>>> print(open('input29.pdb').read())   # PDB, C-alpha atoms and all ligand atoms
ATOM      1  CA  MET A 570     -68.505 -16.068  -5.500
ATOM      2  CA  GLU A 571     -65.583 -15.844  -3.192
ATOM      3  CA  ARG A 572     -62.145 -15.702  -4.733
ATOM      4  CA  GLU A 573     -59.762 -18.363  -3.744
ATOM      5  CA  VAL A 574     -56.850 -17.075  -1.695
ATOM      6  CA  LYS A 575     -53.541 -18.642  -2.475
ATOM      7  CA  THR A 576     -51.044 -18.872   0.320
ATOM      8  CA  TYR A 577     -47.330 -18.688  -0.261
ATOM      9  CA  VAL A 578     -44.852 -19.591   2.399
ATOM     10  CA  LEU A 579     -41.487 -17.953   1.844
ATOM     11  CA  LYS A 580     -38.476 -19.690   3.234
ATOM     12  CA  ARG A 581     -34.963 -18.382   3.633
ATOM     13  CA  PRO A 582     -32.526 -19.922   1.212
ATOM     14  CA  THR A 583     -31.105 -23.023   2.791
ATOM     15  CA  GLU A 584     -27.687 -22.608   1.181
ATOM     16  CA  GLU A 585     -26.208 -20.783   4.177
ATOM     17  CA  ALA A 586     -27.251 -23.534   6.533
ATOM     18  CA  VAL A 587     -25.065 -26.019   4.676
ATOM     19  CA  PRO A 588     -21.417 -25.406   5.546
ATOM     20  CA  ARG A 589     -19.240 -24.939   2.518
ATOM     21  CA  LYS A 590     -16.892 -27.816   1.922
ATOM     22  CA  LEU A 591     -13.302 -26.665   2.147
ATOM     23  CA  SER A 592     -10.865 -28.173  -0.318
ATOM     24  CA  ILE A 593      -7.801 -28.183   1.949
ATOM     25  CA  ASP A 594      -7.180 -29.863   5.293
ATOM     26  CA  TYR A 595      -5.947 -26.737   7.043
ATOM     27  CA  ALA A 596      -5.609 -28.400  10.434
ATOM     28  CA  ALA A 597      -3.171 -30.932   8.989
ATOM     29  CA  ALA A 598      -1.036 -28.353   7.198
ATOM     30  CA  LEU A 599      -0.725 -25.852  10.032
ATOM     31  CA  ASN A 600       0.063 -25.762  13.714
ATOM     32  CA  GLN A 601      -2.585 -24.568  16.137
ATOM     33  CA  GLN A 602      -1.666 -20.893  16.201
ATOM     34  CA  GLN A 603      -1.207 -20.756  12.439
ATOM     35  CA  LEU A 604      -4.606 -22.390  12.024
ATOM     36  CA  ALA A 605      -6.237 -19.842  14.327
ATOM     37  CA  ALA A 606      -4.758 -16.962  12.318
ATOM     38  CA  VAL A 607      -5.706 -18.553   8.994
ATOM     39  CA  THR A 608      -9.315 -19.164   9.968
ATOM     40  CA  ALA A 609      -9.876 -15.946  11.957
ATOM     41  CA  GLY A 610     -13.052 -14.038  11.217
ATOM     42  CA  ASP A 611     -13.280 -10.619   9.586
ATOM     43  CA  GLY A 612     -11.603  -7.582  11.077
ATOM     44  CA  PRO A 613      -7.958  -6.680  11.638
ATOM     45  CA  SER A 614      -5.528  -9.393  12.762
ATOM     46  CA  LEU A 615      -1.828  -9.112  13.464
ATOM     47  CA  VAL A 616       0.529 -12.097  13.497
ATOM     48  CA  ILE A 617       3.700 -11.635  15.532
ATOM     49  CA  ALA A 618       6.279 -14.438  15.463
ATOM     50  CA  GLY A 619       9.995 -14.975  15.191
ATOM     51  CA  ALA A 620      12.034 -15.477  12.032
ATOM     52  CA  GLY A 621      11.273 -18.682  10.170
ATOM     53  CA  SER A 622       8.315 -19.566  12.354
ATOM     54  CA  GLY A 623       5.858 -19.661   9.476
ATOM     55  CA  LYS A 624       4.311 -16.191   9.157
ATOM     56  CA  THR A 625       4.481 -16.126   5.389
ATOM     57  CA  ARG A 626       3.120 -19.646   5.218
ATOM     58  CA  THR A 627       0.256 -18.513   7.441
ATOM     59  CA  LEU A 628      -0.526 -15.676   5.055
ATOM     60  CA  VAL A 629      -0.411 -17.975   2.024
ATOM     61  CA  TYR A 630      -2.886 -20.339   3.682
ATOM     62  CA  ARG A 631      -5.017 -17.367   4.784
ATOM     63  CA  VAL A 632      -5.413 -16.234   1.163
ATOM     64  CA  ALA A 633      -6.260 -19.812   0.135
ATOM     65  CA  TYR A 634      -8.716 -20.133   3.011
ATOM     66  CA  LEU A 635     -10.515 -16.914   2.127
ATOM     67  CA  ILE A 636     -10.971 -18.030  -1.471
ATOM     68  CA  ASP A 637     -11.907 -21.502  -0.278
ATOM     69  CA  SER A 638     -14.617 -20.011   1.925
ATOM     70  CA  GLY A 639     -16.171 -18.140  -0.957
ATOM     71  CA  VAL A 640     -14.430 -14.753  -0.929
ATOM     72  CA  ASP A 641     -14.033 -13.364  -4.434
ATOM     73  CA  PRO A 642     -10.252 -13.402  -5.154
ATOM     74  CA  SER A 643     -10.474  -9.925  -6.676
ATOM     75  CA  ASN A 644     -11.516  -8.615  -3.243
ATOM     76  CA  ILE A 645      -8.150  -9.656  -1.788
ATOM     77  CA  LEU A 646      -5.121  -7.373  -1.712
ATOM     78  CA  LEU A 647      -1.767  -8.925  -0.756
ATOM     79  CA  LEU A 648       0.961  -6.420   0.049
ATOM     80  CA  THR A 649       4.600  -7.482   0.271
ATOM     81  CA  PHE A 650       7.983  -5.776   0.362
ATOM     82  CA  THR A 651       9.336  -7.120  -2.885
ATOM     83  CA  ARG A 652       7.670  -7.919  -6.169
ATOM     84  CA  LYS A 653       9.256 -11.350  -6.103
ATOM     85  CA  SER A 654       7.738 -12.304  -2.774
ATOM     86  CA  SER A 655       4.188 -11.435  -3.810
ATOM     87  CA  GLN A 656       4.608 -13.515  -6.974
ATOM     88  CA  GLU A 657       5.990 -16.419  -4.986
ATOM     89  CA  MET A 658       3.230 -16.239  -2.412
ATOM     90  CA  LEU A 659       0.512 -16.143  -5.049
ATOM     91  CA  GLU A 660       2.102 -19.091  -6.833
ATOM     92  CA  ARG A 661       1.932 -21.018  -3.569
ATOM     93  CA  VAL A 662      -1.712 -20.004  -3.170
ATOM     94  CA  GLY A 663      -2.239 -21.242  -6.744
ATOM     95  CA  ASP A 664      -0.692 -24.612  -5.830
ATOM     96  CA  LEU A 665      -3.148 -24.873  -2.950
ATOM     97  CA  ILE A 666      -6.315 -23.609  -4.522
ATOM     98  CA  GLY A 667      -5.918 -23.414  -8.304
ATOM     99  CA  THR A 668      -6.038 -20.693 -10.893
ATOM    100  CA  SER A 669      -8.512 -18.447  -9.072
ATOM    101  CA  SER A 670      -5.454 -17.168  -7.181
ATOM    102  CA  GLN A 671      -4.528 -15.258 -10.335
ATOM    103  CA  ARG A 672      -7.339 -12.821  -9.626
ATOM    104  CA  VAL A 673      -5.866 -11.796  -6.269
ATOM    105  CA  CYS A 674      -4.270  -8.354  -6.442
ATOM    106  CA  GLY A 675      -0.710  -8.727  -5.193
ATOM    107  CA  GLY A 676       2.307  -6.483  -5.209
ATOM    108  CA  THR A 677       4.462  -4.019  -3.353
ATOM    109  CA  PHE A 678       3.049  -0.883  -1.795
ATOM    110  CA  HIS A 679       4.558   1.076  -4.655
ATOM    111  CA  SER A 680       3.183  -1.099  -7.451
ATOM    112  CA  VAL A 681      -0.297  -1.065  -5.937
ATOM    113  CA  ALA A 682      -0.133   2.711  -5.402
ATOM    114  CA  ASN A 683       0.973   3.103  -9.017
ATOM    115  CA  MET A 684      -2.003   1.084 -10.257
ATOM    116  CA  LEU A 685      -4.541   2.856  -8.015
ATOM    117  CA  LEU A 686      -3.271   6.331  -8.925
ATOM    118  CA  ARG A 687      -3.424   5.646 -12.654
ATOM    119  CA  ARG A 688      -7.047   4.619 -12.272
ATOM    120  CA  ASN A 689      -8.231   7.109  -9.668
ATOM    121  CA  GLY A 690      -5.700   9.931  -9.390
ATOM    122  CA  ARG A 691      -7.449  12.662 -11.410
ATOM    123  CA  SER A 692      -9.220  14.169  -8.401
ATOM    124  CA  VAL A 693      -5.829  14.944  -6.838
ATOM    125  CA  GLY A 694      -4.334  16.220 -10.079
ATOM    126  CA  ILE A 695      -2.635  13.002 -11.218
ATOM    127  CA  GLU A 696      -3.228  12.122 -14.865
ATOM    128  CA  PRO A 697      -3.324   8.415 -15.804
ATOM    129  CA  GLY A 698      -0.212   8.810 -17.977
ATOM    130  CA  PHE A 699       2.073  10.165 -15.241
ATOM    131  CA  THR A 700       5.778   9.306 -15.298
ATOM    132  CA  ILE A 701       7.644   7.670 -12.422
ATOM    133  CA  LEU A 702      11.035   9.113 -11.492
ATOM    134  CA  ASP A 703      13.523   6.574 -10.263
ATOM    135  CA  ARG A 704      15.956   7.610  -7.563
ATOM    136  CA  GLY A 705      18.582   8.834 -10.055
ATOM    137  CA  ASP A 706      16.034  10.875 -12.066
ATOM    138  CA  ALA A 707      14.697  12.379  -8.860
ATOM    139  CA  GLU A 708      18.159  13.441  -7.695
ATOM    140  CA  ASP A 709      18.890  14.989 -11.086
ATOM    141  CA  LEU A 710      15.675  17.006 -10.905
ATOM    142  CA  ILE A 711      16.664  18.187  -7.430
ATOM    143  CA  ALA A 712      20.042  19.296  -8.807
ATOM    144  CA  LEU A 713      18.301  21.156 -11.632
ATOM    145  CA  VAL A 714      15.893  22.940  -9.311
ATOM    146  CA  ARG A 715      18.746  23.763  -6.943
ATOM    147  CA  SER A 716      20.676  25.512  -9.718
ATOM    148  CA  GLN A 717      17.514  27.294 -10.921
ATOM    149  CA  LEU A 718      17.174  28.712  -7.414
ATOM    150  CA  GLY A 719      20.839  29.706  -7.470
ATOM    151  CA  LEU A 720      21.615  27.511  -4.496
ATOM    152  CA  ASN A 721      24.495  25.531  -5.904
ATOM    153  CA  GLU A 722      27.404  27.938  -6.297
ATOM    154  CA  LYS A 723      26.629  30.008  -3.262
ATOM    155  CA  ASP A 724      27.950  27.667  -0.592
ATOM    156  CA  LYS A 725      30.250  24.706  -0.800
ATOM    157  CA  ARG A 726      28.773  23.279   2.385
ATOM    158  CA  PHE A 727      25.300  23.025   0.914
ATOM    159  CA  PRO A 728      24.175  19.374   0.939
ATOM    160  CA  ARG A 729      24.592  17.282  -2.202
ATOM    161  CA  LYS A 730      21.606  16.141  -4.249
ATOM    162  CA  GLY A 731      21.651  12.645  -2.734
ATOM    163  CA  THR A 732      21.579  14.037   0.786
ATOM    164  CA  ILE A 733      18.807  16.469  -0.093
ATOM    165  CA  MET A 734      16.788  13.611  -1.563
ATOM    166  CA  GLU A 735      17.348  11.621   1.605
ATOM    167  CA  MET A 736      16.084  14.476   3.794
ATOM    168  CA  ILE A 737      13.012  15.096   1.665
ATOM    169  CA  SER A 738      12.269  11.401   1.464
ATOM    170  CA  LYS A 739      12.540  10.986   5.215
ATOM    171  CA  SER A 740      10.198  13.894   5.752
ATOM    172  CA  GLU A 741       7.620  12.428   3.333
ATOM    173  CA  ASN A 742       7.830   8.913   4.737
ATOM    174  CA  THR A 743       7.540   9.894   8.365
ATOM    175  CA  LEU A 744       4.906  12.591   7.737
ATOM    176  CA  ARG A 745       7.119  15.113   9.536
ATOM    177  CA  SER A 746       8.311  18.507   8.412
ATOM    178  CA  LEU A 747      11.639  18.939   6.649
ATOM    179  CA  ASP A 748      12.706  21.362   9.401
ATOM    180  CA  GLU A 749      12.200  18.683  12.011
ATOM    181  CA  ILE A 750      14.184  16.115  10.021
ATOM    182  CA  ILE A 751      17.061  18.537   9.491
ATOM    183  CA  LEU A 752      17.087  19.483  13.156
ATOM    184  CA  GLU A 753      17.123  15.874  14.324
ATOM    185  CA  GLU A 754      19.276  14.087  11.771
ATOM    186  CA  PHE A 755      21.064  16.627   9.618
ATOM    187  CA  SER A 756      21.750  19.349  12.165
ATOM    188  CA  HIS A 757      25.087  20.221  10.512
ATOM    189  CA  PHE A 758      22.978  21.616   7.649
ATOM    190  CA  SER A 759      20.594  23.547   9.874
ATOM    191  CA  ASP A 760      21.974  26.872   8.602
ATOM    192  CA  HIS A 761      20.444  25.961   5.261
ATOM    193  CA  SER A 762      17.002  25.019   6.569
ATOM    194  CA  GLU A 763      15.263  27.917   4.894
ATOM    195  CA  ASP A 764      16.876  27.335   1.492
ATOM    196  CA  LEU A 765      16.198  23.620   1.742
ATOM    197  CA  GLY A 766      12.554  24.362   2.471
ATOM    198  CA  ARG A 767      12.371  26.512  -0.667
ATOM    199  CA  LEU A 768      14.102  23.786  -2.619
ATOM    200  CA  GLN A 769      11.636  21.183  -1.391
ATOM    201  CA  LYS A 770       8.700  23.345  -2.516
ATOM    202  CA  ALA A 771      10.252  24.059  -5.904
ATOM    203  CA  TYR A 772      11.000  20.359  -6.417
ATOM    204  CA  GLN A 773       7.362  19.524  -5.647
ATOM    205  CA  ALA A 774       6.125  22.206  -8.043
ATOM    206  CA  ALA A 775       8.417  20.997 -10.842
ATOM    207  CA  LYS A 776       7.132  17.444 -10.436
ATOM    208  CA  ARG A 777       3.474  18.455 -10.393
ATOM    209  CA  GLN A 778       3.830  20.640 -13.433
ATOM    210  CA  LYS A 779       5.338  17.830 -15.524
ATOM    211  CA  GLN A 780       3.209  14.988 -14.083
ATOM    212  CA  LEU A 781       6.272  13.335 -12.528
ATOM    213  CA  LEU A 782       6.030  11.206  -9.409
ATOM    214  CA  ASP A 783       9.014   9.971  -7.436
ATOM    215  CA  TYR A 784       8.768   6.773  -5.385
ATOM    216  CA  ASP A 785       7.674   8.608  -2.250
ATOM    217  CA  ASP A 786       5.006  10.504  -4.197
ATOM    218  CA  LEU A 787       3.336   7.222  -5.134
ATOM    219  CA  LEU A 788       2.512   6.651  -1.484
ATOM    220  CA  VAL A 789       2.081  10.299  -0.559
ATOM    221  CA  MET A 790      -0.384  10.888  -3.393
ATOM    222  CA  LEU A 791      -2.265   7.678  -2.721
ATOM    223  CA  ARG A 792      -2.660   8.835   0.865
ATOM    224  CA  GLN A 793      -3.891  12.234  -0.370
ATOM    225  CA  LEU A 794      -6.341  10.580  -2.711
ATOM    226  CA  LEU A 795      -7.748   8.400   0.058
ATOM    227  CA  LEU A 796      -8.019  11.371   2.419
ATOM    228  CA  LEU A 797      -9.491  13.877  -0.020
ATOM    229  CA  ASP A 798     -11.641  11.867  -2.410
ATOM    230  CA  GLU A 799     -14.176  10.011  -0.295
ATOM    231  CA  ALA A 800     -15.881   8.461  -3.327
ATOM    232  CA  ALA A 801     -12.593   7.017  -4.580
ATOM    233  CA  ARG A 802     -11.660   5.824  -1.104
ATOM    234  CA  ALA A 803     -14.993   4.069  -0.706
ATOM    235  CA  ARG A 804     -14.679   2.516  -4.161
ATOM    236  CA  ILE A 805     -11.145   1.262  -3.535
ATOM    237  CA  SER A 806     -11.782  -0.046  -0.025
ATOM    238  CA  SER A 807     -14.924  -1.883  -1.092
ATOM    239  CA  GLN A 808     -12.898  -3.480  -3.884
ATOM    240  CA  TYR A 809     -10.138  -4.606  -1.472
ATOM    241  CA  ARG A 810     -12.197  -5.945   1.369
ATOM    242  CA  TYR A 811      -9.393  -8.237   2.529
ATOM    243  CA  ILE A 812      -5.975  -6.657   2.921
ATOM    244  CA  LEU A 813      -3.041  -8.861   3.905
ATOM    245  CA  VAL A 814       0.420  -7.471   4.582
ATOM    246  CA  ASP A 815       3.554  -9.583   4.919
ATOM    247  CA  GLU A 816       6.375  -8.204   7.107
ATOM    248  CA  TYR A 817       4.088  -5.597   8.658
ATOM    249  CA  GLN A 818       6.798  -4.741  11.206
ATOM    250  CA  ASP A 819       8.787  -3.122   8.390
ATOM    251  CA  THR A 820       5.849  -1.010   7.342
ATOM    252  CA  ILE A 821       6.698   2.661   7.660
ATOM    253  CA  ARG A 822       4.387   5.303   9.047
ATOM    254  CA  LEU A 823       3.183   6.464   5.625
ATOM    255  CA  GLN A 824       2.358   2.941   4.490
ATOM    256  CA  ALA A 825       0.569   2.133   7.735
ATOM    257  CA  ASP A 826      -1.492   5.246   7.264
ATOM    258  CA  VAL A 827      -2.443   4.183   3.736
ATOM    259  CA  ILE A 828      -3.479   0.723   4.957
ATOM    260  CA  ARG A 829      -5.616   2.281   7.670
ATOM    261  CA  GLN A 830      -7.365   4.457   5.091
ATOM    262  CA  LEU A 831      -7.965   1.473   2.814
ATOM    263  CA  ALA A 832      -9.321  -0.629   5.631
ATOM    264  CA  THR A 833     -11.829   1.994   6.775
ATOM    265  CA  THR A 834     -15.263   1.020   5.635
TER     266      THR A 834
HETATM  267  N1  LIG B 901       3.097 -25.873  10.123
HETATM  268  C1  LIG B 901       4.130 -26.083   9.302
HETATM  269  N2  LIG B 901       4.325 -27.298   8.773
HETATM  270  C2  LIG B 901       5.370 -27.539   7.933
HETATM  271  N3  LIG B 901       6.274 -26.601   7.552
HETATM  272  C3  LIG B 901       6.129 -25.371   8.045
HETATM  273  C4  LIG B 901       5.059 -25.034   8.949
HETATM  274  N4  LIG B 901       5.171 -23.715   9.265
HETATM  275  C5  LIG B 901       6.253 -23.264   8.606
HETATM  276  N5  LIG B 901       6.836 -24.234   7.886
HETATM  277  C6  LIG B 901       8.054 -24.084   7.026
HETATM  278  O1  LIG B 901       9.017 -23.322   7.733
HETATM  279  C7  LIG B 901       9.719 -22.484   6.837
HETATM  280  C8  LIG B 901       9.622 -21.037   7.273
HETATM  281  O2  LIG B 901       8.268 -20.558   7.096
HETATM  282  P1  LIG B 901       7.946 -19.103   6.606
HETATM  283  O3  LIG B 901       8.828 -18.664   5.488
HETATM  284  O4  LIG B 901       6.480 -19.040   6.387
HETATM  285  O5  LIG B 901       8.342 -18.308   7.922
HETATM  286  P2  LIG B 901       8.393 -16.753   8.226
HETATM  287  O6  LIG B 901       7.977 -16.599   9.655
HETATM  288  O7  LIG B 901       7.636 -15.988   7.204
HETATM  289  O8  LIG B 901       9.931 -16.468   8.093
HETATM  290  P3  LIG B 901      10.691 -15.059   7.911
HETATM  291  O9  LIG B 901      10.813 -14.488   9.274
HETATM  292  O10 LIG B 901      11.997 -15.492   7.301
HETATM  293  O11 LIG B 901       9.846 -14.216   6.966
HETATM  294  C9  LIG B 901       9.121 -22.704   5.462
HETATM  295  O12 LIG B 901       9.899 -23.609   4.742
HETATM  296  C10 LIG B 901       7.760 -23.257   5.780
HETATM  297  O13 LIG B 901       7.240 -24.036   4.718
HETATM  298 MG    MG B 902       8.153 -14.428   5.973
END
>>> encode(input="input29.pdb", output="structure tokens", more="lines below")
Ligand SMILES: Nc1ncnc2c1ncn2[C@@H]1O[C@H](COP(=O)(O)OP(=O)(O)OP(=O)(O)O)[C@@H](O)[C@H]1O
Ligand SMILES: [Mg+2]
Amino acid sequence: MEREVKTYVLKRPTEEAVPRKLSIDYAAALNQQQLAAVTAGDGPSLVIAGAGSGKTRTLVYRVAYLIDSGVDPSNILLLTFTRKSSQEMLERVGDLIGTSSQRVCGGTFHSVANMLLRRNGRSVGIEPGFTILDRGDAEDLIALVRSQLGLNEKDKRFPRKGTIMEMISKSENTLRSLDEIILEEFSHFSDHSEDLGRLQKAYQAAKRQKQLLDYDDLLVMLRQLLLLDEAARARISSQYRYILVDEYQDTIRLQADVIRQLATT
């Protein structure tokens, strides 16, 4: 006796064919260019517009639109220049779309770097319990290291701790050598270049040894982590699939570099 053959016809799920209903009338709330930016497809987009022309509003609606179109809010990273502005923007997203906005990761570059380093920093020697040095603490540590190296009494024209911090910070933020910075912007201290180089190294070593990170280190070490630990980079960039940055024109070289690393898939 012949066995009966059953035939199954497999169909693709029809869900995708039905467009998702959006909860906001974006076209009514935005002008044409804003609408185009808000509803743009995946991939990098840059909005350039004058003061008060609605860039931040565009970004707020963009976050709402992404969530509205089915993006998981926890896949969105919103970077701003002050803590207050990210809170405000996410509140506005909440007004548009509801409580799911609370799962968007928002903050300043430094707060996000802080969070990512506490979770992922071990591979670059950063323990989860590291301490952040504020500007005053950092300058005091520079003064301490300077006296340990015997560089304070030797010469009255040696730069003060605040100036040294400024030089080091500029070098970190622009990814240029301290020598270059001194030559270009602090040439009156160029006689001390060698000592300042030693001081910079000793300051770094003192921080590493005690698990201290100054504000610049938060970004510098995040950049290191993303460059050196491919597994962590892949993990972090797959978590933050949508990265939105307000006031991108104020983004410094180091921050832009970090964003580029995060956005690499
Ligand atoms: N399409 C629009 N319809 C109604 N109001 C709008 C529209 N676009 C912008 N606005 C309003 O204009 C004001 C300025 O917008 P917004 O703060 O987004 O601009 P911005 O470009 O980010 O400004 P800044 O350069 O100061 O950061 C806000 O009060 C905003 O609500
Ligand atoms: Mg704005």
>>> residues_near_ligand(input="input29.pdb", ligand="ligand LIG 901 (chain B)", cutoff="12 Å", atoms="all atoms listed in the file", output="ChimeraX atom specification")
/A:595-605,607,616-631,649-650,654,657-658,661,814-819
>>> write_last_selection(input="input29.pdb", atoms="C-alpha atoms", output="tab-separated table (two decimals), keeping the file's coordinate frame")
chain	number	residue	atom	x	y	z
A	595	TYR	CA	-5.95	-26.74	7.04
A	596	ALA	CA	-5.61	-28.40	10.43
A	597	ALA	CA	-3.17	-30.93	8.99
A	598	ALA	CA	-1.04	-28.35	7.20
A	599	LEU	CA	-0.72	-25.85	10.03
A	600	ASN	CA	0.06	-25.76	13.71
A	601	GLN	CA	-2.58	-24.57	16.14
A	602	GLN	CA	-1.67	-20.89	16.20
A	603	GLN	CA	-1.21	-20.76	12.44
A	604	LEU	CA	-4.61	-22.39	12.02
A	605	ALA	CA	-6.24	-19.84	14.33
A	607	VAL	CA	-5.71	-18.55	8.99
A	616	VAL	CA	0.53	-12.10	13.50
A	617	ILE	CA	3.70	-11.64	15.53
A	618	ALA	CA	6.28	-14.44	15.46
A	619	GLY	CA	9.99	-14.98	15.19
A	620	ALA	CA	12.03	-15.48	12.03
A	621	GLY	CA	11.27	-18.68	10.17
A	622	SER	CA	8.32	-19.57	12.35
A	623	GLY	CA	5.86	-19.66	9.48
A	624	LYS	CA	4.31	-16.19	9.16
A	625	THR	CA	4.48	-16.13	5.39
A	626	ARG	CA	3.12	-19.65	5.22
A	627	THR	CA	0.26	-18.51	7.44
A	628	LEU	CA	-0.53	-15.68	5.06
A	629	VAL	CA	-0.41	-17.98	2.02
A	630	TYR	CA	-2.89	-20.34	3.68
A	631	ARG	CA	-5.02	-17.37	4.78
A	649	THR	CA	4.60	-7.48	0.27
A	650	PHE	CA	7.98	-5.78	0.36
A	654	SER	CA	7.74	-12.30	-2.77
A	657	GLU	CA	5.99	-16.42	-4.99
A	658	MET	CA	3.23	-16.24	-2.41
A	661	ARG	CA	1.93	-21.02	-3.57
A	814	VAL	CA	0.42	-7.47	4.58
A	815	ASP	CA	3.55	-9.58	4.92
A	816	GLU	CA	6.38	-8.20	7.11
A	817	TYR	CA	4.09	-5.60	8.66
A	818	GLN	CA	6.80	-4.74	11.21
A	819	ASP	CA	8.79	-3.12	8.39
>>> axis_aligned_box(input="input29.pdb", around="range 597-604 of chain A", padding_each_side="4 Å", output="lines of an AutoDock Vina configuration file")
center_x = -2.3
center_y = -25.8
center_z = 11.7
size_x = 12.7
size_y = 18.2
size_z = 17.0
>>> residues_around(input="input29.pdb", residues="range 743-749 of chain A", least_positions_apart="3", cutoff="9 Å", atoms="all atoms listed in the file", output="VMD selection string")
chain A and resid 736 to 740 752 to 754 759 762 to 763 765 to 766 769 821 to 823
>>> write_last_selection(input="input29.pdb", atoms="C-alpha atoms", output="PDB file, keeping the file's coordinate frame")
ATOM      1  CA  MET A 736      16.084  14.476   3.794  1.00  0.00           C
ATOM      2  CA  ILE A 737      13.012  15.096   1.665  1.00  0.00           C
ATOM      3  CA  SER A 738      12.269  11.401   1.464  1.00  0.00           C
ATOM      4  CA  LYS A 739      12.540  10.986   5.215  1.00  0.00           C
ATOM      5  CA  SER A 740      10.198  13.894   5.752  1.00  0.00           C
ATOM      6  CA  LEU A 752      17.087  19.483  13.156  1.00  0.00           C
ATOM      7  CA  GLU A 753      17.123  15.874  14.324  1.00  0.00           C
ATOM      8  CA  GLU A 754      19.276  14.087  11.771  1.00  0.00           C
ATOM      9  CA  SER A 759      20.594  23.547   9.874  1.00  0.00           C
ATOM     10  CA  SER A 762      17.002  25.019   6.569  1.00  0.00           C
ATOM     11  CA  GLU A 763      15.263  27.917   4.894  1.00  0.00           C
ATOM     12  CA  LEU A 765      16.198  23.620   1.742  1.00  0.00           C
ATOM     13  CA  GLY A 766      12.554  24.362   2.471  1.00  0.00           C
ATOM     14  CA  GLN A 769      11.636  21.183  -1.391  1.00  0.00           C
ATOM     15  CA  ILE A 821       6.698   2.661   7.660  1.00  0.00           C
ATOM     16  CA  ARG A 822       4.387   5.303   9.047  1.00  0.00           C
ATOM     17  CA  LEU A 823       3.183   6.464   5.625  1.00  0.00           C
TER      18      LEU A 823
END
>>> resolve_selection(input="input29.pdb", expression="the PyMOL selection byres (((chain A and resi 828) around 10) and not hetatm)", output="list in words")
Leu648, Phe678, Arg792, Ser806, Ile812, Leu813, Val814, Thr820, Arg822, Leu823, Gln824, Ala825, Asp826, Val827, Arg829, Gln830, Leu831, Ala832 and Thr833 of chain A
>>> resolve_selection(input="input29.pdb", expression="the PyMOL selection byres (((chain A and resi 676) around 7) and not hetatm)", output="NGL selection string")
:A and (647-649 or 652 or 655 or 674-675 or 677-678 or 680-681)
>>> atom_distance(input="input29.pdb", atom1="CA of Leu702 in chain A", atom2="CA of Leu788 in chain A")
13.4 Å
>>> residues_around(input="input29.pdb", residues="Ser643 in chain A", least_positions_apart="4", cutoff="9 Å", atoms="all atoms listed in the file", output="number ranges by chain")
A: 670-674, 808-809
>>> atom_distance(input="input29.pdb", atom1="CA of Asn683 in chain A", atom2="CA of Leu791 in chain A")
8.4 Å
>>> atom_distance(input="input29.pdb", atom1="CA of Ile645 in chain A", atom2="CA of Ala633 in chain A")
10.5 Å
>>> residues_around(input="input29.pdb", residues="Ala800 in chain A", least_positions_apart="4", cutoff="12 Å", atoms="only C-alpha atoms", output="list of chain:residue names")
A:Asn689, A:Gly690, A:Ser692, A:Leu794, A:Leu795, A:Leu796, A:Arg804, A:Ile805, A:Ser806, A:Ser807, A:Thr834
>>> closest_residue(input="input29.pdb", among="A:Ile593, A:Leu781, A:Ile711, A:Ile695", to="Pro728 in chain A", atoms="only C-alpha atoms")
A:Ile711
>>> closest_residue(input="input29.pdb", among="A:Ser716, A:Thr651, A:Ser592, A:Gln773", to="ligand MG 902 (chain B)", atoms="all atoms listed in the file")
A:Thr651
>>> resolve_selection(input="input29.pdb", expression="the PyMOL selection byres (((chain A and resi 709) around 12) and not hetatm)", output="list in words")
Leu702, Asp703, Arg704, Gly705, Asp706, Ala707, Glu708, Leu710, Ile711, Ala712, Leu713, Val714, Arg715, Ser716, Arg729, Lys730, Gly731, Ile733, Met734, Tyr772 and Asp783 of chain A
>>> closest_residue(input="input29.pdb", among="A:Val632, A:Leu718, A:Ala682, A:Leu646", to="Tyr784 in chain A", atoms="all atoms listed in the file")
A:Ala682
>>> closest_residue(input="input29.pdb", among="A:Ala803, A:Ser669, A:Met790, A:Gln656", to="Leu635 in chain A", atoms="only C-alpha atoms")
A:Ser669
